[in-house]
>>> print(open('entry.cif').read())   # mmCIF, C-alpha atoms
data_data
#
loop_
_atom_site.group_PDB
_atom_site.id
_atom_site.type_symbol
_atom_site.label_atom_id
_atom_site.label_comp_id
_atom_site.auth_asym_id
_atom_site.auth_seq_id
_atom_site.Cartn_x
_atom_site.Cartn_y
_atom_site.Cartn_z
ATOM 1 C CA MET A 1 96.823 153.825 155.835
ATOM 2 C CA PRO A 2 98.801 155.525 153.048
ATOM 3 C CA GLU A 3 101.896 153.568 152.151
ATOM 4 C CA THR A 4 104.031 156.708 152.429
ATOM 5 C CA GLN A 5 103.552 156.948 156.195
ATOM 6 C CA ARG A 6 106.696 156.220 158.192
ATOM 7 C CA THR A 7 105.281 153.170 159.911
ATOM 8 C CA LEU A 8 108.629 151.414 160.359
ATOM 9 C CA GLU A 9 110.554 154.083 162.247
ATOM 10 C CA GLY A 10 112.631 152.425 164.962
ATOM 11 C CA LYS A 11 112.565 149.082 163.137
ATOM 12 C CA VAL A 12 115.721 147.355 161.944
ATOM 13 C CA ALA A 13 115.865 145.194 158.830
ATOM 14 C CA LEU A 14 118.473 143.078 157.108
ATOM 15 C CA VAL A 15 118.018 142.545 153.388
ATOM 16 C CA ALA A 16 120.488 139.818 152.509
ATOM 17 C CA GLY A 17 121.288 140.028 148.822
ATOM 18 C CA ALA A 18 120.319 143.652 148.217
ATOM 19 C CA THR A 19 122.736 144.738 145.501
ATOM 20 C CA ARG A 20 120.155 144.753 142.719
ATOM 21 C CA GLY A 21 116.762 143.432 141.616
ATOM 22 C CA ALA A 22 114.127 142.545 144.193
ATOM 23 C CA GLY A 23 116.552 142.925 147.082
ATOM 24 C CA ARG A 24 117.284 146.527 146.193
ATOM 25 C CA GLY A 25 113.589 147.282 145.662
ATOM 26 C CA ILE A 26 112.722 145.791 149.043
ATOM 27 C CA ALA A 27 115.464 147.648 150.861
ATOM 28 C CA VAL A 28 114.433 150.990 149.379
ATOM 29 C CA GLN A 29 110.765 150.513 150.198
ATOM 30 C CA LEU A 30 111.555 149.543 153.784
ATOM 31 C CA GLY A 31 113.597 152.728 153.936
ATOM 32 C CA ALA A 32 110.675 154.708 152.562
ATOM 33 C CA ARG A 33 108.721 153.591 155.629
ATOM 34 C CA GLY A 34 111.493 154.896 157.905
ATOM 35 C CA ALA A 35 113.353 151.675 158.733
ATOM 36 C CA THR A 36 117.065 151.268 159.335
ATOM 37 C CA VAL A 37 118.089 148.768 156.666
ATOM 38 C CA TYR A 38 121.312 146.801 156.606
ATOM 39 C CA VAL A 39 121.950 145.768 153.018
ATOM 40 C CA SER A 40 124.434 143.021 152.240
ATOM 41 C CA GLY A 41 126.024 141.740 149.076
ATOM 42 C CA ARG A 42 129.305 141.045 147.316
ATOM 43 C CA SER A 43 129.420 143.793 144.680
ATOM 44 C CA THR A 44 131.120 146.937 145.945
ATOM 45 C CA ARG A 45 132.610 150.038 144.396
ATOM 46 C CA GLY A 46 136.015 148.518 144.988
ATOM 47 C CA ARG A 47 135.328 145.028 143.674
ATOM 48 C CA ARG A 48 132.676 143.445 141.487
ATOM 49 C CA SER A 49 131.380 139.924 141.980
ATOM 50 C CA GLU A 50 131.414 137.389 139.150
ATOM 51 C CA TYR A 51 128.290 139.138 137.836
ATOM 52 C CA ASP A 52 130.594 141.964 136.708
ATOM 53 C CA ARG A 53 127.737 144.448 136.812
ATOM 54 C CA PRO A 54 127.726 148.130 137.831
ATOM 55 C CA GLU A 55 125.259 147.929 140.734
ATOM 56 C CA THR A 56 126.892 148.103 144.175
ATOM 57 C CA ILE A 57 125.795 147.523 147.730
ATOM 58 C CA GLU A 58 126.879 151.073 148.642
ATOM 59 C CA GLU A 59 124.539 152.462 145.987
ATOM 60 C CA THR A 60 121.646 150.462 147.427
ATOM 61 C CA ALA A 61 122.326 151.878 150.893
ATOM 62 C CA GLU A 62 122.358 155.417 149.490
ATOM 63 C CA LEU A 63 119.002 154.801 147.802
ATOM 64 C CA VAL A 64 117.569 153.573 151.117
ATOM 65 C CA THR A 65 118.721 156.741 152.852
ATOM 66 C CA ALA A 66 117.428 158.944 150.037
ATOM 67 C CA ALA A 67 114.021 157.260 150.368
ATOM 68 C CA GLY A 68 113.784 158.336 153.996
ATOM 69 C CA GLY A 69 115.352 155.515 155.960
ATOM 70 C CA ARG A 70 118.907 154.741 156.976
ATOM 71 C CA GLY A 71 120.854 152.465 154.690
ATOM 72 C CA VAL A 72 123.881 150.605 156.022
ATOM 73 C CA PRO A 73 125.965 148.712 153.442
ATOM 74 C CA VAL A 74 127.808 145.589 154.579
ATOM 75 C CA VAL A 75 129.979 143.521 152.276
ATOM 76 C CA ALA A 76 129.272 139.851 152.945
ATOM 77 C CA ASP A 77 129.366 136.528 151.140
ATOM 78 C CA HIS A 78 126.435 134.580 152.562
ATOM 79 C CA LEU A 79 128.091 131.284 151.721
ATOM 80 C CA VAL A 80 130.767 132.052 154.314
ATOM 81 C CA PRO A 81 129.366 131.458 157.809
ATOM 82 C CA ALA A 82 131.980 133.625 159.515
ATOM 83 C CA GLU A 83 131.044 136.622 157.363
ATOM 84 C CA VAL A 84 127.341 136.190 158.107
ATOM 85 C CA GLU A 85 128.030 135.745 161.810
ATOM 86 C CA ALA A 86 130.053 138.974 161.776
ATOM 87 C CA LEU A 87 127.262 140.792 159.923
ATOM 88 C CA VAL A 88 124.651 139.762 162.481
ATOM 89 C CA GLY A 89 127.066 140.545 165.308
ATOM 90 C CA ARG A 90 127.456 144.057 163.936
ATOM 91 C CA ILE A 91 123.679 144.561 163.809
ATOM 92 C CA ASP A 92 123.424 143.326 167.400
ATOM 93 C CA ALA A 93 126.219 145.637 168.565
ATOM 94 C CA GLU A 94 124.826 148.682 166.764
ATOM 95 C CA GLN A 95 121.071 148.144 167.129
ATOM 96 C CA GLY A 96 120.478 145.398 169.703
ATOM 97 C CA ARG A 97 117.547 144.106 167.660
ATOM 98 C CA LEU A 98 116.433 142.807 164.272
ATOM 99 C CA ASP A 99 112.793 143.136 163.253
ATOM 100 C CA VAL A 100 112.827 142.031 159.616
ATOM 101 C CA LEU A 101 115.045 139.525 157.825
ATOM 102 C CA VAL A 102 114.719 139.238 154.049
ATOM 103 C CA ASN A 103 116.579 136.280 152.565
ATOM 104 C CA ASP A 104 116.951 137.377 148.955
ATOM 105 C CA ILE A 105 120.326 135.833 148.136
ATOM 106 C CA TRP A 106 120.228 134.247 144.696
ATOM 107 C CA GLY A 107 123.153 134.716 142.333
ATOM 108 C CA GLY A 108 122.035 132.133 139.795
ATOM 109 C CA GLU A 109 121.297 134.118 136.637
ATOM 110 C CA LEU A 110 124.600 133.141 135.033
ATOM 111 C CA LEU A 111 124.368 129.508 136.129
ATOM 112 C CA PHE A 112 121.053 127.969 135.067
ATOM 113 C CA GLU A 113 120.379 126.521 131.632
ATOM 114 C CA TRP A 114 116.837 126.637 130.237
ATOM 115 C CA GLU A 115 115.148 123.267 129.666
ATOM 116 C CA SER A 116 118.394 121.426 130.431
ATOM 117 C CA THR A 117 118.033 117.991 132.020
ATOM 118 C CA VAL A 118 120.019 116.998 135.088
ATOM 119 C CA TRP A 119 122.376 114.929 132.934
ATOM 120 C CA GLU A 120 122.851 117.652 130.323
ATOM 121 C CA HIS A 121 123.165 120.635 132.649
ATOM 122 C CA ASP A 122 126.682 121.665 133.637
ATOM 123 C CA LEU A 123 127.084 119.936 137.004
ATOM 124 C CA ASP A 124 129.385 122.483 138.609
ATOM 125 C CA LYS A 125 127.059 125.325 137.657
ATOM 126 C CA GLY A 126 124.003 123.429 138.882
ATOM 127 C CA LEU A 127 125.543 122.634 142.247
ATOM 128 C CA ARG A 128 126.839 126.186 142.594
ATOM 129 C CA LEU A 129 123.337 127.496 141.880
ATOM 130 C CA MET A 130 121.879 125.317 144.623
ATOM 131 C CA ARG A 131 124.527 126.427 147.096
ATOM 132 C CA LEU A 132 123.927 130.098 146.315
ATOM 133 C CA ALA A 133 120.141 129.819 146.407
ATOM 134 C CA VAL A 134 119.633 127.422 149.306
ATOM 135 C CA GLU A 135 122.668 127.180 151.592
ATOM 136 C CA THR A 136 122.973 130.947 151.831
ATOM 137 C CA HIS A 137 119.433 131.237 153.170
ATOM 138 C CA ALA A 138 120.024 128.526 155.759
ATOM 139 C CA ILE A 139 123.307 130.066 156.907
ATOM 140 C CA THR A 140 121.760 133.513 157.210
ATOM 141 C CA SER A 141 118.737 132.286 159.155
ATOM 142 C CA HIS A 142 120.980 130.255 161.475
ATOM 143 C CA PHE A 143 122.789 133.372 162.646
ATOM 144 C CA ALA A 144 120.086 136.044 162.257
ATOM 145 C CA VAL A 145 116.958 134.408 163.658
ATOM 146 C CA PRO A 146 118.116 134.362 167.313
ATOM 147 C CA LEU A 147 118.532 138.158 167.163
ATOM 148 C CA LEU A 148 115.170 138.512 165.415
ATOM 149 C CA LEU A 149 113.486 136.500 168.191
ATOM 150 C CA ARG A 150 114.790 138.825 170.892
ATOM 151 C CA GLU A 151 111.742 141.066 170.423
ATOM 152 C CA PRO A 152 108.225 139.760 169.624
ATOM 153 C CA GLY A 153 106.716 140.334 166.202
ATOM 154 C CA GLY A 154 109.738 139.624 163.999
ATOM 155 C CA LEU A 155 109.306 138.793 160.301
ATOM 156 C CA VAL A 156 111.354 136.556 158.006
ATOM 157 C CA VAL A 157 110.707 136.796 154.260
ATOM 158 C CA GLU A 158 112.082 134.043 152.026
ATOM 159 C CA MET A 159 112.274 135.351 148.468
ATOM 160 C CA THR A 160 111.711 132.855 145.664
ATOM 161 C CA ASP A 161 110.264 132.508 142.158
ATOM 162 C CA GLY A 162 106.719 131.190 141.923
ATOM 163 C CA THR A 163 104.048 130.444 144.471
ATOM 164 C CA ALA A 164 103.813 127.058 146.134
ATOM 165 C CA GLU A 165 100.586 126.400 144.251
ATOM 166 C CA TYR A 166 102.058 127.334 140.866
ATOM 167 C CA ASN A 167 105.336 125.488 141.294
ATOM 168 C CA ALA A 168 103.720 122.324 142.672
ATOM 169 C CA SER A 169 102.423 121.309 139.238
ATOM 170 C CA ARG A 170 104.877 122.992 136.880
ATOM 171 C CA TYR A 171 108.464 122.313 135.841
ATOM 172 C CA ARG A 172 110.453 125.485 136.482
ATOM 173 C CA VAL A 173 113.278 126.112 133.992
ATOM 174 C CA SER A 174 115.564 123.161 134.820
ATOM 175 C CA PHE A 175 116.208 120.474 137.442
ATOM 176 C CA PHE A 176 118.549 122.647 139.507
ATOM 177 C CA TYR A 177 116.465 125.835 139.241
ATOM 178 C CA ASP A 178 113.285 123.949 140.096
ATOM 179 C CA ILE A 179 114.805 122.340 143.187
ATOM 180 C CA ALA A 180 116.342 125.608 144.374
ATOM 181 C CA LYS A 181 113.146 127.647 144.172
ATOM 182 C CA SER A 182 111.007 124.875 145.661
ATOM 183 C CA SER A 183 113.477 124.478 148.529
ATOM 184 C CA VAL A 184 113.071 128.127 149.476
ATOM 185 C CA LEU A 185 109.301 127.741 149.524
ATOM 186 C CA ARG A 186 109.689 124.832 151.929
ATOM 187 C CA MET A 187 112.139 126.844 154.039
ATOM 188 C CA ALA A 188 109.444 129.408 154.738
ATOM 189 C CA PHE A 189 107.043 126.644 155.748
ATOM 190 C CA ALA A 190 109.609 125.105 158.095
ATOM 191 C CA LEU A 191 110.567 128.464 159.560
ATOM 192 C CA GLY A 192 106.913 129.222 160.131
ATOM 193 C CA HIS A 193 106.662 126.039 162.200
ATOM 194 C CA GLU A 194 109.695 127.040 164.257
ATOM 195 C CA LEU A 195 109.031 130.781 164.581
ATOM 196 C CA GLY A 196 105.274 130.877 165.081
ATOM 197 C CA PRO A 197 105.254 129.525 168.652
ATOM 198 C CA ARG A 198 108.071 131.947 169.463
ATOM 199 C CA GLY A 199 106.179 135.080 168.449
ATOM 200 C CA ALA A 200 107.582 135.605 164.955
ATOM 201 C CA THR A 201 106.366 135.054 161.394
ATOM 202 C CA ALA A 202 107.941 133.532 158.298
ATOM 203 C CA VAL A 203 106.586 133.718 154.752
ATOM 204 C CA ALA A 204 107.693 132.921 151.226
ATOM 205 C CA LEU A 205 107.248 135.751 148.746
ATOM 206 C CA THR A 206 107.552 135.882 144.971
ATOM 207 C CA PRO A 207 107.463 138.874 142.658
ATOM 208 C CA GLY A 208 105.899 138.490 139.244
ATOM 209 C CA TRP A 209 107.835 139.096 136.046
ATOM 210 C CA LEU A 210 110.423 141.437 137.489
ATOM 211 C CA ARG A 211 111.839 144.376 135.567
ATOM 212 C CA SER A 212 115.206 144.005 137.234
ATOM 213 C CA GLU A 213 118.314 145.697 135.910
ATOM 214 C CA MET A 214 119.429 142.442 134.304
ATOM 215 C CA MET A 215 116.044 141.762 132.722
ATOM 216 C CA LEU A 216 115.873 145.234 131.214
ATOM 217 C CA ASP A 217 119.380 144.781 129.818
ATOM 218 C CA THR A 218 118.422 141.405 128.353
ATOM 219 C CA PHE A 219 115.576 143.020 126.418
ATOM 220 C CA GLY A 220 117.665 146.048 125.465
ATOM 221 C CA VAL A 221 115.374 148.556 127.161
ATOM 222 C CA THR A 222 115.321 150.809 130.210
ATOM 223 C CA GLU A 223 112.651 151.411 132.820
ATOM 224 C CA ALA A 224 111.662 154.514 130.871
ATOM 225 C CA ASN A 225 110.933 152.641 127.620
ATOM 226 C CA TRP A 226 110.362 149.089 128.839
ATOM 227 C CA ARG A 227 107.191 148.756 126.786
ATOM 228 C CA ASP A 228 109.328 148.736 123.630
ATOM 229 C CA ALA A 229 110.155 145.120 124.533
ATOM 230 C CA LEU A 230 106.527 144.086 124.021
ATOM 231 C CA ALA A 231 107.052 143.943 120.263
ATOM 232 C CA LYS A 232 109.205 140.858 120.780
ATOM 233 C CA VAL A 233 107.858 139.578 124.117
ATOM 234 C CA PRO A 234 104.178 140.578 124.373
ATOM 235 C CA HIS A 235 103.568 138.935 127.763
ATOM 236 C CA PHE A 236 106.203 141.228 129.278
ATOM 237 C CA ALA A 237 103.256 143.620 129.563
ATOM 238 C CA ILE A 238 102.425 142.021 132.921
ATOM 239 C CA SER A 239 105.867 142.843 134.343
ATOM 240 C CA GLU A 240 106.478 144.873 137.484
ATOM 241 C CA THR A 241 109.210 146.996 139.042
ATOM 242 C CA PRO A 242 111.273 145.810 142.023
ATOM 243 C CA SER A 243 109.510 148.501 144.057
ATOM 244 C CA TYR A 244 106.261 146.530 143.813
ATOM 245 C CA VAL A 245 107.525 143.518 145.752
ATOM 246 C CA GLY A 246 109.367 145.999 147.970
ATOM 247 C CA ARG A 247 106.052 147.554 148.913
ATOM 248 C CA ALA A 248 104.721 144.074 149.602
ATOM 249 C CA VAL A 249 107.468 143.443 152.159
ATOM 250 C CA ALA A 250 106.977 146.889 153.695
ATOM 251 C CA ALA A 251 103.253 146.228 154.043
ATOM 252 C CA LEU A 252 103.911 142.903 155.752
ATOM 253 C CA ALA A 253 106.461 144.462 158.084
ATOM 254 C CA ALA A 254 103.998 147.195 159.101
ATOM 255 C CA ASP A 255 101.048 144.837 159.637
ATOM 256 C CA PRO A 256 100.379 144.198 163.346
ATOM 257 C CA GLU A 257 98.481 141.074 162.312
ATOM 258 C CA VAL A 258 101.184 139.682 160.026
ATOM 259 C CA ALA A 259 101.129 136.374 161.923
ATOM 260 C CA ARG A 260 98.020 135.418 159.933
ATOM 261 C CA TRP A 261 100.353 134.757 156.988
ATOM 262 C CA ASN A 262 102.765 132.526 158.923
ATOM 263 C CA GLY A 263 104.227 129.673 156.868
ATOM 264 C CA ARG A 264 102.383 130.698 153.707
ATOM 265 C CA SER A 265 103.451 131.319 150.140
ATOM 266 C CA LEU A 266 102.542 134.817 148.929
ATOM 267 C CA SER A 267 102.946 136.951 145.808
ATOM 268 C CA SER A 268 103.309 140.678 145.215
ATOM 269 C CA GLY A 269 100.044 140.797 143.282
ATOM 270 C CA GLN A 270 98.148 138.984 146.004
ATOM 271 C CA LEU A 271 99.444 141.319 148.709
ATOM 272 C CA ALA A 272 98.698 144.404 146.601
ATOM 273 C CA ARG A 273 95.044 143.409 146.629
ATOM 274 C CA GLU A 274 95.177 142.773 150.361
ATOM 275 C CA TYR A 275 97.012 145.921 151.441
ATOM 276 C CA GLY A 276 96.029 148.341 148.685
ATOM 277 C CA PHE A 277 99.483 149.382 147.453
ATOM 278 C CA THR A 278 100.393 149.803 143.788
ATOM 279 C CA ASP A 279 103.430 149.643 141.572
ATOM 280 C CA LEU A 280 105.179 152.917 140.759
ATOM 281 C CA ASP A 281 102.852 153.568 137.809
ATOM 282 C CA GLY A 282 99.728 153.147 139.919
ATOM 283 C CA SER A 283 98.848 149.697 138.531
ATOM 284 C CA ARG A 284 98.498 146.399 140.412
ATOM 285 C CA PRO A 285 100.015 143.630 138.249
ATOM 286 C CA ASP A 286 98.788 140.157 139.199
ATOM 287 C CA ALA A 287 101.370 138.145 137.292
ATOM 288 C CA TRP A 288 100.742 134.671 138.682
ATOM 289 C CA ARG A 289 97.026 134.769 137.955
ATOM 290 C CA TYR A 290 97.884 136.104 134.488
ATOM 291 C CA MET A 291 100.355 133.258 133.950
ATOM 292 C CA VAL A 292 97.732 130.641 134.760
ATOM 293 C CA GLU A 293 94.856 132.212 132.860
ATOM 294 C CA VAL A 294 96.553 133.880 129.882
ATOM 295 C CA GLN A 295 100.203 133.055 129.249
ATOM 296 C CA ASP A 296 100.348 129.334 130.052
ATOM 297 C CA PRO A 297 97.240 128.462 127.982
ATOM 298 C CA GLY A 298 98.832 130.225 124.996
ATOM 299 C CA ARG A 299 96.333 133.067 124.772
ATOM 300 C CA PRO A 300 97.259 136.423 123.223
ATOM 301 C CA ALA A 301 98.858 138.911 125.580
ATOM 302 C CA ASP A 302 96.180 141.047 127.199
ATOM 303 C CA THR A 303 96.595 142.463 130.693
ATOM 304 C CA THR A 304 93.047 143.761 130.943
ATOM 305 C CA GLY A 305 91.859 142.884 134.439
ATOM 306 C CA TYR A 306 95.324 141.782 135.517
ATOM 307 C CA ARG A 307 97.076 145.073 136.321
#
>>> encode(input="entry.cif", output="structure tokens")
Amino acid sequence: MPETQRTLEGKVALVAGATRGAGRGIAVQLGARGATVYVSGRSTRGRRSEYDRPETIEETAELVTAAGGRGVPVVADHLVPAEVEALVGRIDAEQGRLDVLVNDIWGGELLFEWESTVWEHDLDKGLRLMRLAVETHAITSHFAVPLLLREPGGLVVEMTDGTAEYNASRYRVSFFYDIAKSSVLRMAFALGHELGPRGATAVALTPGWLRSEMMLDTFGVTEANWRDALAKVPHFAISETPSYVGRAVAALAADPEVARWNGRSLSSGQLAREYGFTDLDGSRPDAWRYMVEVQDPGRPADTTGYR
């Protein structure tokens, strides 16, 4: 089935944490399949979050609508239970259903410190990171899952960094980052246990090396000339757009047999092979296999056979 078919018409999704990055890519690709997508975040045209970046939740909603769906922006801080409860209440009042919940809240880019031990890492930043990356997901699921269970076939996607297999044997960035990302993987497993018998599915999903707005800015490039960054960071050649993991979520949401993935840890590259979608340039980056076989062993950058 071509990925451009409107296979999600009549479906309602909530992408929590959709202002930028993977969340925005997921929201837009769900819209491209015809879904109504509620997109939540803290950055609005009237007020920026502490990120102080130009992306806004209203812009994400407009991109969803332009892609063919219906984007509905909702300003919400997912650390505040009352705001999340109100968000879900609005979806219930307006739609009476929720078919897809994507927990993509993160907010930690300005908080983690590379290779910093638990005793060296700024404690306030570390604890804030864990609250943003873990508590937000739990709060959102607490309020949203009952609505999702109202109709059979619902899907919860827990967004993280790294597969369960990869993270199980590797130290990821720092104590606080490692714990946060591993916790989200376990959340998907636990939700799978709770949702499966009730007719719904939960999975953990990781993109590969994401060409998010912030990552492109870090390397001083744009999506148009991103390959210029390879002169300094050769392994960036395996990177992918946010649309790639967005197409992964859309494929899962459209799969009538999605329950086969319940409780599992998945990656964008893995699902591209399974469902046949590509990134925007027609390639299929398989970043986590590349990491294991090329980057981690210290081999020269070469994406042949990996995208």
>>> residues_around(input="entry.cif", residues="A:Leu252", least_positions_apart="6", cutoff="9 Å", atoms="all atoms listed in the file", output="JSON list (two decimals) with C-alpha atoms, in the frame of the given file")
[["chain", "number", "residue", "atom", "x", "y", "z"],
["A", 155, "LEU", "CA", 109.31, 138.79, 160.30],
["A", 258, "VAL", "CA", 101.18, 139.68, 160.03],
["A", 261, "TRP", "CA", 100.35, 134.76, 156.99],
["A", 271, "LEU", "CA", 99.44, 141.32, 148.71],
["A", 275, "TYR", "CA", 97.01, 145.92, 151.44]]
>>> residues_around(input="entry.cif", residues="A:Ala32", least_positions_apart="6", cutoff="6 Å", atoms="only C-alpha atoms", output="PDB file with C-alpha atoms, keeping the file's coordinate frame")
ATOM      1  CA  ALA A  67     114.021 157.260 150.368  1.00  0.00           C
ATOM      2  CA  GLY A  68     113.784 158.336 153.996  1.00  0.00           C
ATOM      3  CA  GLY A  69     115.352 155.515 155.960  1.00  0.00           C
TER       4      GLY A  69
END
>>> residues_around(input="entry.cif", residues="A:Glu58", least_positions_apart="6", cutoff="8 Å", atoms="all atoms listed in the file", output="PDB file with C-alpha atoms, in the coordinates of the input")
ATOM      1  CA  THR A  44     131.120 146.937 145.945  1.00  0.00           C
ATOM      2  CA  ARG A  45     132.610 150.038 144.396  1.00  0.00           C
ATOM      3  CA  VAL A  72     123.881 150.605 156.022  1.00  0.00           C
ATOM      4  CA  PRO A  73     125.965 148.712 153.442  1.00  0.00           C
TER       5      PRO A  73
END
>>> residues_around(input="entry.cif", residues="A:Leu216", least_positions_apart="6", cutoff="8 Å", atoms="all atoms listed in the file", output="PDB file with C-alpha atoms, keeping the file's coordinate frame")
ATOM      1  CA  THR A 222     115.321 150.809 130.210  1.00  0.00           C
ATOM      2  CA  GLU A 223     112.651 151.411 132.820  1.00  0.00           C
ATOM      3  CA  TRP A 226     110.362 149.089 128.839  1.00  0.00           C
TER       4      TRP A 226
END
>>> residues_around(input="entry.cif", residues="stretch 77-92 of chain A", least_positions_apart="2", cutoff="8 Å", atoms="all atoms listed in the file", output="MDAnalysis selection string")
chainID A and resid 16 38 41:42 74:75 94:98 105 131:132 135:137 139:140 143:144 147
>>> write_last_selection(input="entry.cif", atoms="C-alpha atoms", output="tab-separated table (two decimals), keeping the file's coordinate frame")
chain	number	residue	atom	x	y	z
A	16	ALA	CA	120.49	139.82	152.51
A	38	TYR	CA	121.31	146.80	156.61
A	41	GLY	CA	126.02	141.74	149.08
A	42	ARG	CA	129.30	141.04	147.32
A	74	VAL	CA	127.81	145.59	154.58
A	75	VAL	CA	129.98	143.52	152.28
A	94	GLU	CA	124.83	148.68	166.76
A	95	GLN	CA	121.07	148.14	167.13
A	96	GLY	CA	120.48	145.40	169.70
A	97	ARG	CA	117.55	144.11	167.66
A	98	LEU	CA	116.43	142.81	164.27
A	105	ILE	CA	120.33	135.83	148.14
A	131	ARG	CA	124.53	126.43	147.10
A	132	LEU	CA	123.93	130.10	146.32
A	135	GLU	CA	122.67	127.18	151.59
A	136	THR	CA	122.97	130.95	151.83
A	137	HIS	CA	119.43	131.24	153.17
A	139	ILE	CA	123.31	130.07	156.91
A	140	THR	CA	121.76	133.51	157.21
A	143	PHE	CA	122.79	133.37	162.65
A	144	ALA	CA	120.09	136.04	162.26
A	147	LEU	CA	118.53	138.16	167.16
>>> resolve_selection(input="entry.cif", expression="the PyMOL selection byres ((chain A and resi 287) around 10)", output="list in words")
Gly162, Pro207, Gly208, Trp209, Leu210, His235, Phe236, Ala237, Ile238, Ser239, Glu240, Ser267, Ser268, Gly269, Gln270, Arg284, Pro285, Asp286, Trp288, Arg289, Tyr290, Met291, Val292, Glu293, Val294, Gln295, Thr303, Tyr306 and Arg307 of chain A
>>> atom_distance(input="entry.cif", atom1="atom CA of A:Tyr166", atom2="atom CA of A:Ser265")
10.2 Å
>>> closest_residue(input="entry.cif", among="A:Glu151, A:Asp178, A:Asp161, A:Glu115", to="A:Leu129", atoms="only C-alpha atoms")
A:Asp178
>>> atom_distance(input="entry.cif", atom1="atom CA of A:Ser243", atom2="atom CA of A:Ala168")
26.8 Å
>>> resolve_selection(input="entry.cif", expression="the PyMOL selection byres ((chain A and resi 23) around 9)", output="PDB file with C-alpha atoms, in the frame of the given file")
ATOM      1  CA  VAL A  15     118.018 142.545 153.388  1.00  0.00           C
ATOM      2  CA  ALA A  16     120.488 139.818 152.509  1.00  0.00           C
ATOM      3  CA  GLY A  17     121.288 140.028 148.822  1.00  0.00           C
ATOM      4  CA  ALA A  18     120.319 143.652 148.217  1.00  0.00           C
ATOM      5  CA  THR A  19     122.736 144.738 145.501  1.00  0.00           C
ATOM      6  CA  ARG A  20     120.155 144.753 142.719  1.00  0.00           C
ATOM      7  CA  GLY A  21     116.762 143.432 141.616  1.00  0.00           C
ATOM      8  CA  ALA A  22     114.127 142.545 144.193  1.00  0.00           C
ATOM      9  CA  ARG A  24     117.284 146.527 146.193  1.00  0.00           C
ATOM     10  CA  GLY A  25     113.589 147.282 145.662  1.00  0.00           C
ATOM     11  CA  ILE A  26     112.722 145.791 149.043  1.00  0.00           C
ATOM     12  CA  ALA A  27     115.464 147.648 150.861  1.00  0.00           C
ATOM     13  CA  VAL A  28     114.433 150.990 149.379  1.00  0.00           C
ATOM     14  CA  VAL A  39     121.950 145.768 153.018  1.00  0.00           C
ATOM     15  CA  VAL A 102     114.719 139.238 154.049  1.00  0.00           C
ATOM     16  CA  ASN A 103     116.579 136.280 152.565  1.00  0.00           C
ATOM     17  CA  ASP A 104     116.951 137.377 148.955  1.00  0.00           C
ATOM     18  CA  ILE A 105     120.326 135.833 148.136  1.00  0.00           C
ATOM     19  CA  MET A 159     112.274 135.351 148.468  1.00  0.00           C
ATOM     20  CA  PRO A 242     111.273 145.810 142.023  1.00  0.00           C
ATOM     21  CA  GLY A 246     109.367 145.999 147.970  1.00  0.00           C
TER      22      GLY A 246
END
>>> closest_residue(input="entry.cif", among="A:Thr241, A:Ser49, A:Thr60, A:Ser43", to="A:Glu213", atoms="all atoms listed in the file")
A:Thr241
>>> resolve_selection(input="entry.cif", expression="the PyMOL selection byres ((chain A and resi 154) around 9)", output="list of chain:residue names")
A:Leu98, A:Asp99, A:Val100, A:Leu101, A:Val145, A:Leu148, A:Leu149, A:Arg150, A:Glu151, A:Pro152, A:Gly153, A:Leu155, A:Val156, A:Leu195, A:Gly199, A:Ala200, A:Thr201, A:Ala202, A:Ala253
>>> atom_distance(input="entry.cif", atom1="atom CA of A:Phe112", atom2="atom CA of A:Val173")
8.1 Å
>>> closest_residue(input="entry.cif", among="A:Gly107, A:Gly192, A:Pro300, A:Gly282", to="A:Val233", atoms="all atoms listed in the file")
A:Pro300
>>> closest_residue(input="entry.cif", among="A:Leu30, A:Arg172, A:Thr163, A:Val118", to="A:Tyr244", atoms="all atoms listed in the file")
A:Leu30
>>> closest_residue(input="entry.cif", among="A:Val37, A:Val134, A:Asp255, A:Gln29", to="A:Asp279", atoms="all atoms listed in the file")
A:Gln29
